Amino acid sequence: MNWDWDKWQEKKESSTPSDVWKKVRGGRFRFPGNFIIIVLILLFLSYSCIFTISADEVGVIQRFGKYVRTCQPGLNFKLPLGIEKVTKVKVRHIYKEEFGFRTLKAGIRTRYATSGIYKAEALMLTGDLNVAIVPWVVQYRISNPYNYLFKVRNVRDTLRDLAEASMRMVVGDRSINEVLTKREEIAFEAEKLLQKKLDEVQTGIKVVNIELKKTNVPEPVQPSFNKVNQAIQEREKLIYEAKEKYNREIPAAKGKAGKIIKEAEGYAIAKVNKARGDVVRFLDLYKEYVKAKDITLRRLYLEAMASTLPYVEKLYIIDKEQQGILNLLDLTKTKAAESKKGR
């Protein structure tokens, strides 16, 4: 429909607001087609310029494909569609990647898929040339939206490749027993190694946690491995019993040895003190002997006889001046007998 702008202006001026309103209510008034198009274009441009960013995400703005800025949560503005483009990136959401299995249905009874294609991810060679099945989960979040969007072509595949390489490197340095029993230690070491590799290639990803699921050996070798574990447990049991006996016997032996040593030291001290006392008594006696040799000799002789004669059963008195046998009334027998009884 052709439209004469000048005639419309004249008609508009000649019409009163009340007449226009009556025409609108009566359905006789018609808006021009170009005006409606202009209004729709303005509404579309307004809609394309205003956008909202949620609390758990940021908006990355590109102008003709080139990065310009990053918008924070809330109401934001940009140039119309075709000039600037916004890409929303969830920076507070925790993502996860599963290795060796896939979750089919999460819930109270979570179902997993562990087909052959998934087992290949978890099948690893340990440091002692054994084979182990090591399933694990990587939890991560986006820490740098710019690097996440523009530095790496396919971030998810890169993450999976680096995670698998890091886990195989850590498991390859451990024995099969360590892989089965030290899962937390292996997960911690793999997390540090994976984060280092992700930072090197500038993926913009922060590893939150690596969790190792139940590790095991392949089914064909499980019976043999169970026998080995049983033998290891028996060995540990014997070692524990030996240590228990050691802890019971050795302290007792050390205590007994200490007691004997203390007794010997006491005996030595007593003997030394007695010897020192004898030396002091001898020196005192020698001093008195030097002062009066005859008296001291006689006193020593009399003391020796007094201490010896009571224990002698028969006495013989020899006198060179006596020609015959001298009858002696031995009064010491009774004393000697009493001395023996006293012993």
# chains A, B, ... in the order shown; residues from 1 in each chain; ligands from 1

call {"tool": "residues_around", "arguments": {"residues": "stretch 117-124 of chain A", "least_positions_apart": "6", "cutoff": "6 Å", "atoms": "only C-alpha atoms", "output": "PyMOL selection string"}}
result
chain A and resi 100-101+131-135

call {"tool": "select_by_dssp", "arguments": {"residues": "stretch 179-267 of chain A", "states": "helix (DSSP H, G or I)", "output": "number ranges by chain"}}
result
A: 179-181, 183-200, 219-267

call {"tool": "atom_distance", "arguments": {"atom1": "atom CA of A:Asp157", "atom2": "atom CA of A:Lys182"}}
result
27.9 Å

call {"tool": "closest_residue", "arguments": {"among": "A:Lys90, A:Arg298, A:Ile83, A:Gln72", "to": "A:Glu57", "atoms": "only C-alpha atoms"}}
result
A:Lys90

call {"tool": "residues_around", "arguments": {"residues": "A:Lys85", "least_positions_apart": "6", "cutoff": "7 Å", "atoms": "only C-alpha atoms", "output": "PyMOL selection string"}}
result
chain A and resi 61-63

call {"tool": "write_last_selection", "arguments": {"atoms": "N, CA and C atoms", "output": "PDB file, in the first residue's frame"}}
result
ATOM      1  N   ILE A  61      31.850 -11.155  26.044  1.00  0.00           N
ATOM      2  CA  ILE A  61      31.385 -10.354  24.917  1.00  0.00           C
ATOM      3  C   ILE A  61      32.422 -10.394  23.799  1.00  0.00           C
ATOM      4  N   GLN A  62      31.964 -10.656  22.590  1.00  0.00           N
ATOM      5  CA  GLN A  62      32.793 -10.631  21.389  1.00  0.00           C
ATOM      6  C   GLN A  62      32.210  -9.610  20.415  1.00  0.00           C
ATOM      7  N   ARG A  63      33.077  -8.764  19.893  1.00  0.00           N
ATOM      8  CA  ARG A  63      32.661  -7.770  18.889  1.00  0.00           C
ATOM      9  C   ARG A  63      33.268  -8.160  17.548  1.00  0.00           C
TER      10      ARG A  63
END

call {"tool": "atom_distance", "arguments": {"atom1": "atom CA of A:Leu81", "atom2": "atom CA of A:Phe64"}}
result
10.1 Å

call {"tool": "closest_residue", "arguments": {"among": "A:Trp136, A:Thr126, A:Arg156, A:Glu244", "to": "A:Ile176", "atoms": "only C-alpha atoms"}}
result
A:Thr126

call {"tool": "select_by_dssp", "arguments": {"residues": "stretch 14-231 of chain A", "states": "strand (DSSP E or B)", "output": "ChimeraX atom specification"}}
result
/A:50-53,57-63,66-71,74-77,84-90,95-99,102-105,111-113,123-125,131-133,136-142,205-212,216

call {"tool": "residues_around", "arguments": {"residues": "A:Lys197", "least_positions_apart": "5", "cutoff": "12 Å", "atoms": "only C-alpha atoms", "output": "list in words"}}
result
Thr158, Leu159, Arg160, Asp161, Leu162, Ala163, Glu164, Ala165, Ser166, Ala190, Glu191, Lys192, Gln202, Thr203, Gly204, Ile205, Lys206 and Val207 of chain A
